[in-house]
4 protein chains.
Amino acid sequence: MSELSASKSKKPAAPKVIITCAVTGGIHTPTMSDALPYKPEDIASQAIAAAQAGAAILHLHARDPQDGRPTPDPAVFMQFLPRIKEATDAIINVTTGGGLNMTVEQRLAAPLIAKPEMCSLNMGSMNFGIYPMADRYKDWKFDWEEAYLRNTDDFIFRNTFRDIERILKMLGEEHGTRFEHECYDVGHLYNVAHFVDRGLLKPPFFVQMIFGILGGIGAELDNLLFMKRTADKLFGSDYRWSVLAAGRHQMNFATQAALLGGSVRVGLEDSLYIGRGTLAASNAEQVTKVRGIVESLGLEIATPDEARSMLGLKGAENVGF
Amino acid sequence: MSELSASKSKKPAAPKVIITCAVTGGIHTPTMSDALPYKPEDIASQAIAAAQAGAAILHLHARDPQDGRPTPDPAVFMQFLPRIKEATDAIINVTTGGGLNMTVEQRLAAPLIAKPEMCSLNMGSMNFGIYPMADRYKDWKFDWEEAYLRNTDDFIFRNTFRDIERILKMLGEEHGTRFEHECYDVGHLYNVAHFVDRGLLKPPFFVQMIFGILGGIGAELDNLLFMKRTADKLFGSDYRWSVLAAGRHQMNFATQAALLGGSVRVGLEDSLYIGRGTLAASNAEQVTKVRGIVESLGLEIATPDEARSMLGLKGAENVGF
Amino acid sequence: MSELSASKSKKPAAPKVIITCAVTGGIHTPTMSDALPYKPEDIASQAIAAAQAGAAILHLHARDPQDGRPTPDPAVFMQFLPRIKEATDAIINVTTGGGLNMTVEQRLAAPLIAKPEMCSLNMGSMNFGIYPMADRYKDWKFDWEEAYLRNTDDFIFRNTFRDIERILKMLGEEHGTRFEHECYDVGHLYNVAHFVDRGLLKPPFFVQMIFGILGGIGAELDNLLFMKRTADKLFGSDYRWSVLAAGRHQMNFATQAALLGGSVRVGLEDSLYIGRGTLAASNAEQVTKVRGIVESLGLEIATPDEARSMLGLKGAENVGF
Amino acid sequence: MSELSASKSKKPAAPKVIITCAVTGGIHTPTMSDALPYKPEDIASQAIAAAQAGAAILHLHARDPQDGRPTPDPAVFMQFLPRIKEATDAIINVTTGGGLNMTVEQRLAAPLIAKPEMCSLNMGSMNFGIYPMADRYKDWKFDWEEAYLRNTDDFIFRNTFRDIERILKMLGEEHGTRFEHECYDVGHLYNVAHFVDRGLLKPPFFVQMIFGILGGIGAELDNLLFMKRTADKLFGSDYRWSVLAAGRHQMNFATQAALLGGSVRVGLEDSLYIGRGTLAASNAEQVTKVRGIVESLGLEIATPDEARSMLGLKGAENVGF
Ligand SMILES: [Zn+2]
Ligand SMILES: [Zn+2]
Ligand SMILES: [Zn+2]
Ligand SMILES: [Zn+2]
């Protein structure tokens, strides 16, 4: 068997893999895992440990310090953002999605104060159904949890074209924040292209492809390849991309993304597990695991500064905290 | 060159092609084409002509007889539904999507009275952006048109899981109506699968795949093949499928669907054109054109009764008008 | 429904469709259809009629005037090539594949004398099994036919890298002939890329993708899209492409190619039929049919001179007959 | 982010991964790596170590003990086959492909004596070009090496339909040997289907998909997915599959196969490397590496007896050595 590929074209070296860690999110609830951080000090310490394990980007939501309920309160964000910034050089990425019960105004409150290097930005409106999870638990740590989950059968995650335009202008144009463009389906990629056509988005974009949320595209590897192919067609070499998949698909999808030259996102926002039926002890444990897989494929992970350069970020010295 | 395919499996004869005609919809406005019917008598006469040209299913919206604005008013529907039923044996399919400014209650008013054999049912919430069309026209026939289009940059076409469940129960279970499951993206197919898993949907489903709406999956033929492949994986042989594409893609996508064994939808709801830059004179003209293409490929179109049998419909004698 | 595609990129007008007609080939035998021409005057008259019907390229093999057996004899070629050249301005494309029983030297004899604008060139060695056809016939017009078919279970269509290199040099470099690069599988596309890498092939290439021969890729539309996608990846905008499929798949594959912006090949070499179970009366009948389909899709066919320009040919005045 | 996939279908546990190790092959030459075994004792010891590292199947060629030239001599095979059988319970798989200079008769000599549980069987004829490797070396250990490589520009790897039929009958029907059906392109999968249609192949088949040989399909991950999809369409659940890719693609393709539920082949026949630019010290080193990747994905490797059961083999007690 020849060591020569029939395809002779000299490929450039594979790009470095940017590991994003989504530390707590707004979806899972405290009942589901003791490891899910919700107190500011726990969010901070898990974020810092994730950065030490190899995460170049930390994607952050805030939660009520008393009961873990997602909160848009900038004051809560400010209890952990500076602490994380001080302890690591990781890129801090603040959600604009928030939790399932917030208006767009609420979702923007903290980002407008924090003016971070990066914010998540969901690229379309969609049903976002996490109600099937409610049936798995009987005893809840906090009152709000069950209804929060069950009501998602009537929940629309709102991100109209006008909302997106506003966020691009208010955060992007005014504060130099760049975005993790979360795409839950093929149409969301076309929405990105629409804003490129309108001149509101400039390369390099960072597209986060998301699989396995009820309401979005399912968690089949074939879907990942199709999203990637569509993005290649729409954006050519103007974009960077990363993948996350919900729950048990997390590591397989990260591996697939790395094989194809993409970056990866892990963290307890996306999955509470470290293996089949085993809860992860921390965010850092997931980062360490995905880093091991990435490196066993002969790839290197990006440092925060390498990620800054790949994504065209403004730098940690230019944020509002 | 051999006349033998290497793939010897005996294929069954290709299924007959069901032509749906979507007569007026709730998207295009009177300014855009004089052929777009909005008076009840025009909707009726164009629908009847479309059936005579070969449409087995007539998909119908109502519009205000004075200014063409989409209306949910059952009284208006009742000015054309009985007339069409009397003149043709085509299957009558009433929208549950309505126009862009209606609540779900309004959208359901006419279907609950008409109890038709078939209703459209959109399988997810999404941005639905038709505002770019507004820039193409300067002089508007009616006052409402421009704002109607432009405001879609902040419009969400609402179809939550709870909404869909209600429609399946109120129309499907109670009145035996079956559905044209409109899928604007890959995730909508997964939503169909979700309702199958929950036991709320029984085969044969009729899946309408829709391409080229801003907010949904784009109009690339490759996307059609991927939607089809995904549906095959999710539904096996439990479903029938049809395709529509917006605007200039209409005939190409219909041809592609027919080549792959699917059915087709045409009509002025979906495109106002009959060829590059030429407005269609009527719905029937589009039906005639697509029928010609289908037949030139050696395929046959389905009669209304053949379509009833393929889709498991209750029959025209069991409707409420 | 909007007439606006979500994908705003202005597409250039679709390229004109080049119809190639493969008049007689070396595979079908006289028993199979009375319409299959083998006398020089019949090959000439059918070729001329095909050109009049819209074929821009005529792909030609010779057959023994007595019994229809494929022959490499340049003298036989010279009985019809000048006649066709005189009567039409179509591009004349001479096979280098010949029949199943010829050496590469024999296959090259006529092309080296005719020095045509274009020759076919098969891009790899492969099994080429047409033996299953033998079971369909009992009474044979000529003695040679049955064994000719049956022995293909042990036949390799030989086109080594060295053979291809020789043909590229002897016909291409020396006589300015360009090629219809026949690709029966994905690897053949990679072989084309290999010769591009070696500097032996210059754009624009004309790639003929072939489906449904036992030994090559099967006749599934999905395969056509994959071949196209692979070619796009390997060649970018450096190539033109066309499709032929064996037997009953002929018209469907031609339609699919046209939908995707490609060209088409028909003719009795590839299929003896005009519809399900109906033998074609002539090559021209197939050309007329495919032309009708192409035009119903809003596309235009290329004249011979337009095809010359698209493919970079040397012109009819520079051939050896 | 939900841990629930939108796609609810309960997947069965992923099948165990069968690691095949191809110990020496007939392609690489002694100059290329000191680790490439060609003396019977080295072939035996490397094979045994590979089995101990986790290979369930050992795919074996013989080489001239003096100069490493591929040899079909059964006497040479018999110097290592019994030794390996005695030391391990791995499945022994003997090549029917041999080296590039052997007739089909020569290729069958050893398998007909050894009557192993498994033989490789190439599913079509093709160009097999390893001549580009010759340019990388200046000083050759043995005289035969350079010409052996360079002459492959005129080499056809012969496997006609008649050859394959003979092998299926002489080894399969007569001796109960089952096959590793080596498929270098999409058409080879259709050839497998052809023999299934003719009743000469019974499930479960073991399909080895091969990427990156000049003459076959290239080493792009997208090609792997397409081969897999095609095989699913042709064979449904009747087959098991494995992947190998030439040279630097080896580990990436193995990882991709494992992610998709397939098995993997490694070994010095397929690649001489263990990482970018680093020669592997032994076959076992590659087995250990791929095993680590497989296990980090949460998958288990199959023991030889589990592989026997998955592939329907006759058992080590029924071989001829
Ligand atoms: Zn988030
Ligand atoms: Zn409608
Ligand atoms: Zn030919
Ligand atoms: Zn081998």
# chains A, B, ... in the order shown; residues from 1 in each chain; ligands from 1
$ residues_near_ligand --ligand "ligand 2" --cutoff "9 Å" --atoms "only C-alpha atoms and all ligand atoms" --output "list in words"
Ala22, Val23, Thr24, Gly25, Gly26, Ile27, His59, Leu60, His61, Val94, Thr95, Thr96, Gly97, Gly98, Gly99, Ser120, Glu269 and Asp270 of chain B; Met1 of chain C
$ residues_around --residues "region 170-178 of chain D" --least-positions-apart "6" --cutoff "9 Å" --atoms "only C-alpha atoms" --output "short mmCIF file (atom, residue, chain, number, x, y, z; two decimals) with N, CA, C and O atoms, in the first residue's frame"
data_model
loop_
_atom_site.label_atom_id
_atom_site.label_comp_id
_atom_site.auth_asym_id
_atom_site.auth_seq_id
_atom_site.Cartn_x
_atom_site.Cartn_y
_atom_site.Cartn_z
N LEU D 108 -3.03 -17.40 -6.16
CA LEU D 108 -3.90 -18.34 -5.45
C LEU D 108 -3.16 -19.52 -4.86
O LEU D 108 -3.75 -20.31 -4.08
N PRO D 111 -2.94 -19.46 -0.81
CA PRO D 111 -4.26 -19.57 -0.16
C PRO D 111 -4.90 -20.95 -0.34
O PRO D 111 -5.54 -21.45 0.59
N LEU D 112 -4.68 -21.58 -1.51
CA LEU D 112 -5.33 -22.87 -1.72
C LEU D 112 -4.72 -23.95 -0.84
O LEU D 112 -5.38 -24.93 -0.50
N LYS D 115 -5.74 -22.59 3.06
CA LYS D 115 -7.17 -22.63 3.36
C LYS D 115 -7.50 -21.83 4.62
O LYS D 115 -8.13 -22.33 5.55
N PRO D 116 -7.12 -20.58 4.64
CA PRO D 116 -7.28 -19.81 5.89
C PRO D 116 -8.74 -19.45 6.15
O PRO D 116 -9.61 -19.63 5.29
N GLU D 117 -8.97 -18.93 7.34
CA GLU D 117 -10.32 -18.46 7.67
C GLU D 117 -10.73 -17.32 6.75
O GLU D 117 -11.91 -17.12 6.48
N MET D 118 -9.75 -16.58 6.31
CA MET D 118 -10.04 -15.35 5.59
C MET D 118 -8.96 -15.05 4.57
O MET D 118 -7.78 -15.33 4.81
N CYS D 119 -9.38 -14.52 3.40
CA CYS D 119 -8.45 -14.03 2.40
C CYS D 119 -8.91 -12.67 1.94
O CYS D 119 -10.11 -12.40 1.89
N SER D 120 -7.96 -11.85 1.54
CA SER D 120 -8.36 -10.61 0.87
C SER D 120 -8.82 -10.94 -0.54
O SER D 120 -8.39 -11.95 -1.13
N LEU D 200 -23.50 -15.50 -5.38
CA LEU D 200 -22.18 -16.03 -5.06
C LEU D 200 -21.61 -15.48 -3.76
O LEU D 200 -20.57 -15.93 -3.30
N PHE D 205 -20.95 -9.91 4.65
CA PHE D 205 -19.71 -9.59 3.93
C PHE D 205 -18.86 -8.69 4.80
O PHE D 205 -19.38 -7.91 5.58
N PHE D 206 -17.58 -8.75 4.54
CA PHE D 206 -16.65 -7.83 5.21
C PHE D 206 -16.02 -6.98 4.12
O PHE D 206 -15.23 -7.46 3.31
N LEU D 311 -18.05 -11.96 11.81
CA LEU D 311 -17.80 -12.16 10.37
C LEU D 311 -18.17 -13.56 9.89
O LEU D 311 -18.03 -13.87 8.70
N GLY D 312 -18.63 -14.40 10.79
CA GLY D 312 -19.08 -15.73 10.38
C GLY D 312 -17.96 -16.64 9.89
O GLY D 312 -18.13 -17.37 8.90
N LEU D 313 -16.83 -16.65 10.57
CA LEU D 313 -15.68 -17.42 10.11
C LEU D 313 -15.73 -18.87 10.58
O LEU D 313 -16.41 -19.21 11.55
N LYS D 314 -14.95 -19.70 9.90
CA LYS D 314 -15.03 -21.14 10.15
C LYS D 314 -14.21 -21.58 11.37
O LYS D 314 -14.37 -22.71 11.84
N ASN D 318 -9.92 -25.05 11.47
CA ASN D 318 -10.27 -25.58 10.15
C ASN D 318 -9.39 -25.06 9.01
O ASN D 318 -9.82 -25.05 7.86
N VAL D 319 -8.21 -24.64 9.33
CA VAL D 319 -7.33 -24.15 8.28
C VAL D 319 -6.33 -25.23 7.89
O VAL D 319 -6.26 -26.30 8.53
#
$ residues_around --residues "Gly124 (chain C)" --least-positions-apart "4" --cutoff "9 Å" --atoms "only C-alpha atoms" --output "list in words"
Phe157, Arg158, Asn159, Thr160, Phe161, Ile164, Glu182, Cys183, Tyr184, Asp185, Gly187, His188 and Asn191 of chain C; Met126, Asn127 and Gly215 of chain D
$ interface_residues --of "chain A" --to "chain D" --cutoff "8 Å" --atoms "only C-alpha atoms" --output "PyMOL selection string"
chain A and resi 1-7+25-28+130+132-133+211-219+221-222+225+246-248+251-252+256+259-260+269-272+275-276+293+296-298
$ select_by_dssp --residues "region 91-302 of chain C" --states "strand (DSSP E or B)" --output "PyMOL selection string"
chain C and resi 91-94+118-122+126-127+129+156-157+178-183+205-211+214+216+239-245+263-266+273-275+278-279+301
$ atom_distance --atom1 "CA of Trp140 (chain D)" --atom2 "CA of Glu165 (chain C)"
26.9 Å
$ atom_distance --atom1 "CA of Ile84 (chain C)" --atom2 "CA of Thr278 (chain C)"
27.8 Å
$ select_by_dssp --residues "region 43-241 of chain A" --states "alpha helix (DSSP H)" --output "JSON, numbers by chain"
{"A": [43, 44, 45, 46, 47, 48, 49, 50, 51, 52, 53, 74, 75, 76, 77, 78, 79, 80, 81, 82, 83, 84, 85, 86, 87, 104, 105, 106, 107, 108, 109, 110, 111, 112, 113, 114, 144, 145, 146, 147, 148, 149, 150, 161, 162, 163, 164, 165, 166, 167, 174, 175, 186, 187, 188, 189, 190, 191, 192, 193, 194, 195, 196, 197, 221, 222, 223, 224, 225, 226, 227, 228, 229, 230, 231, 232, 233, 234, 235]}
$ write_last_selection --atoms "C-alpha atoms" --output "compact mmCIF listing (two decimals), in the first residue's frame"
# COMPACT_ATOMS: atom_id res chain seq x y z
CA ILE A 43 -18.14 29.62 37.80
CA ALA A 44 -14.87 31.47 38.16
CA SER A 45 -12.88 28.55 39.52
CA GLN A 46 -14.20 26.08 36.95
CA ALA A 47 -13.57 28.57 34.16
CA ILE A 48 -10.02 29.13 35.32
CA ALA A 49 -9.36 25.41 35.60
CA ALA A 50 -10.76 24.89 32.11
CA ALA A 51 -8.39 27.51 30.77
CA GLN A 52 -5.49 25.85 32.51
CA ALA A 53 -6.51 22.55 30.94
CA PRO A 74 -24.80 42.42 35.05
CA ALA A 75 -23.91 42.62 38.72
CA VAL A 76 -23.71 38.87 38.91
CA PHE A 77 -21.57 38.70 35.79
CA MET A 78 -19.25 41.21 37.36
CA GLN A 79 -18.68 38.90 40.28
CA PHE A 80 -16.80 36.44 38.08
CA LEU A 81 -15.67 38.15 34.88
CA PRO A 82 -12.85 40.20 36.43
CA ARG A 83 -11.74 37.28 38.54
CA ILE A 84 -11.38 35.07 35.49
CA LYS A 85 -9.66 37.77 33.51
CA GLU A 86 -7.14 38.24 36.24
CA ALA A 87 -6.31 34.56 36.58
CA VAL A 104 -33.50 40.62 24.07
CA GLU A 105 -32.94 43.74 26.19
CA GLN A 106 -32.19 41.65 29.23
CA ARG A 107 -29.90 39.42 27.21
CA LEU A 108 -27.87 42.45 26.10
CA ALA A 109 -27.50 44.14 29.49
CA ALA A 110 -24.33 42.42 30.66
CA PRO A 111 -22.57 42.28 27.28
CA LEU A 112 -23.04 46.03 26.82
CA ILE A 113 -21.33 46.67 30.10
CA ALA A 114 -18.65 44.00 29.80
CA TRP A 144 -38.06 26.71 39.41
CA GLU A 145 -36.37 23.89 37.58
CA GLU A 146 -39.21 21.65 36.45
CA ALA A 147 -41.44 24.39 35.09
CA TYR A 148 -38.46 26.02 33.40
CA LEU A 149 -37.87 22.86 31.43
CA ARG A 150 -41.47 21.88 30.78
CA PHE A 161 -33.19 39.69 11.67
CA ARG A 162 -33.76 43.02 13.39
CA ASP A 163 -32.46 41.67 16.71
CA ILE A 164 -29.35 40.33 15.07
CA GLU A 165 -28.76 43.58 13.24
CA ARG A 166 -29.01 45.48 16.50
CA ILE A 167 -26.56 43.21 18.26
CA GLU A 174 -19.67 50.18 18.75
CA HIS A 175 -17.49 48.07 21.00
CA VAL A 186 -28.64 25.03 7.75
CA GLY A 187 -30.83 28.10 7.41
CA HIS A 188 -28.82 29.84 10.12
CA LEU A 189 -25.77 29.58 7.89
CA TYR A 190 -27.76 31.27 5.14
CA ASN A 191 -28.68 33.95 7.66
CA VAL A 192 -24.99 34.56 8.30
CA ALA A 193 -24.53 34.88 4.55
CA HIS A 194 -27.40 37.37 4.46
CA PHE A 195 -25.63 39.65 6.93
CA VAL A 196 -22.42 39.30 4.98
CA ASP A 197 -24.31 40.35 1.85
CA LEU A 221 -22.27 13.08 11.82
CA ASP A 222 -23.57 13.34 8.30
CA ASN A 223 -25.27 16.57 9.33
CA LEU A 224 -21.97 17.97 10.53
CA LEU A 225 -20.38 17.30 7.17
CA PHE A 226 -23.30 18.90 5.40
CA MET A 227 -23.18 22.02 7.55
CA LYS A 228 -19.45 22.26 6.91
CA ARG A 229 -19.93 21.82 3.19
CA THR A 230 -22.63 24.46 3.11
CA ALA A 231 -20.46 26.89 5.03
CA ASP A 232 -17.58 26.27 2.64
CA LYS A 233 -19.88 27.06 -0.25
CA LEU A 234 -21.25 30.22 1.34
CA PHE A 235 -18.09 31.61 2.95
$ atom_distance --atom1 "CA of Asn93 (chain D)" --atom2 "CA of Glu180 (chain D)"
8.2 Å
$ decode --residues "region 220-231 of chain C" --atoms "all heavy atoms" --output "compact mmCIF listing (two decimals), in the first residue's frame"
# COMPACT_ATOMS: atom_id res chain seq x y z
N GLU C 220 -27.09 5.89 -9.96
CA GLU C 220 -27.91 6.56 -8.96
C GLU C 220 -27.66 8.05 -9.09
O GLU C 220 -26.49 8.47 -9.19
CB GLU C 220 -27.50 6.12 -7.54
CG GLU C 220 -27.70 4.68 -7.23
CD GLU C 220 -29.14 4.37 -6.84
OE1 GLU C 220 -29.88 5.32 -6.48
OE2 GLU C 220 -29.51 3.20 -6.93
N LEU C 221 -28.70 8.84 -9.02
CA LEU C 221 -28.51 10.29 -9.17
C LEU C 221 -27.57 10.84 -8.10
O LEU C 221 -26.80 11.77 -8.35
CB LEU C 221 -29.85 11.02 -9.10
CG LEU C 221 -30.80 10.78 -10.28
CD1 LEU C 221 -32.11 11.52 -10.05
CD2 LEU C 221 -30.17 11.19 -11.59
N ASP C 222 -27.62 10.24 -6.93
CA ASP C 222 -26.73 10.67 -5.86
C ASP C 222 -25.26 10.52 -6.28
O ASP C 222 -24.42 11.35 -5.91
CB ASP C 222 -27.01 9.79 -4.64
CG ASP C 222 -26.59 10.45 -3.34
OD1 ASP C 222 -26.52 11.68 -3.30
OD2 ASP C 222 -26.35 9.71 -2.37
N ASN C 223 -24.98 9.50 -7.06
CA ASN C 223 -23.61 9.32 -7.56
C ASN C 223 -23.21 10.45 -8.50
O ASN C 223 -22.07 10.91 -8.49
CB ASN C 223 -23.48 7.98 -8.28
CG ASN C 223 -23.64 6.79 -7.33
OD1 ASN C 223 -23.65 6.96 -6.11
ND2 ASN C 223 -23.79 5.60 -7.88
N LEU C 224 -24.15 10.88 -9.32
CA LEU C 224 -23.86 12.00 -10.22
C LEU C 224 -23.47 13.23 -9.40
O LEU C 224 -22.46 13.89 -9.68
CB LEU C 224 -25.09 12.29 -11.09
CG LEU C 224 -24.92 13.22 -12.28
CD1 LEU C 224 -26.13 13.13 -13.19
CD2 LEU C 224 -24.70 14.68 -11.89
N LEU C 225 -24.25 13.52 -8.37
CA LEU C 225 -23.91 14.70 -7.57
C LEU C 225 -22.56 14.56 -6.90
O LEU C 225 -21.83 15.54 -6.75
CB LEU C 225 -25.01 14.97 -6.53
CG LEU C 225 -26.12 15.84 -7.11
CD1 LEU C 225 -27.27 15.00 -7.60
CD2 LEU C 225 -26.56 16.89 -6.15
N PHE C 226 -22.24 13.33 -6.51
CA PHE C 226 -20.96 13.16 -5.84
C PHE C 226 -19.79 13.29 -6.82
O PHE C 226 -18.76 13.88 -6.49
CB PHE C 226 -20.90 11.80 -5.13
CG PHE C 226 -19.71 11.71 -4.22
CD1 PHE C 226 -19.68 12.41 -3.03
CD2 PHE C 226 -18.60 10.97 -4.58
CE1 PHE C 226 -18.57 12.37 -2.21
CE2 PHE C 226 -17.48 10.92 -3.76
CZ PHE C 226 -17.47 11.62 -2.57
N MET C 227 -19.95 12.76 -8.01
CA MET C 227 -18.90 12.93 -9.03
C MET C 227 -18.72 14.42 -9.32
O MET C 227 -17.59 14.91 -9.42
CB MET C 227 -19.29 12.17 -10.30
CG MET C 227 -19.23 10.66 -10.20
SD MET C 227 -17.55 9.96 -10.33
CE MET C 227 -17.33 9.98 -12.12
N LYS C 228 -19.83 15.11 -9.46
CA LYS C 228 -19.75 16.55 -9.74
C LYS C 228 -19.04 17.29 -8.60
O LYS C 228 -18.17 18.14 -8.83
CB LYS C 228 -21.18 17.09 -9.92
CG LYS C 228 -21.31 18.59 -9.95
CD LYS C 228 -20.60 19.22 -11.13
CE LYS C 228 -21.05 20.63 -11.39
NZ LYS C 228 -20.92 21.52 -10.23
N ARG C 229 -19.40 16.95 -7.41
CA ARG C 229 -18.80 17.61 -6.26
C ARG C 229 -17.30 17.34 -6.19
O ARG C 229 -16.50 18.23 -5.88
CB ARG C 229 -19.49 17.11 -5.00
CG ARG C 229 -18.91 17.58 -3.72
CD ARG C 229 -19.98 17.88 -2.68
NE ARG C 229 -20.89 16.77 -2.49
CZ ARG C 229 -20.82 15.89 -1.49
NH1 ARG C 229 -19.86 16.00 -0.59
NH2 ARG C 229 -21.71 14.93 -1.36
N THR C 230 -16.94 16.09 -6.46
CA THR C 230 -15.52 15.73 -6.45
C THR C 230 -14.76 16.50 -7.53
O THR C 230 -13.66 17.01 -7.30
CB THR C 230 -15.37 14.22 -6.65
OG1 THR C 230 -16.09 13.54 -5.62
CG2 THR C 230 -13.91 13.79 -6.61
N ALA C 231 -15.36 16.58 -8.70
CA ALA C 231 -14.70 17.31 -9.79
C ALA C 231 -14.55 18.78 -9.44
O ALA C 231 -13.52 19.41 -9.70
CB ALA C 231 -15.47 17.12 -11.09
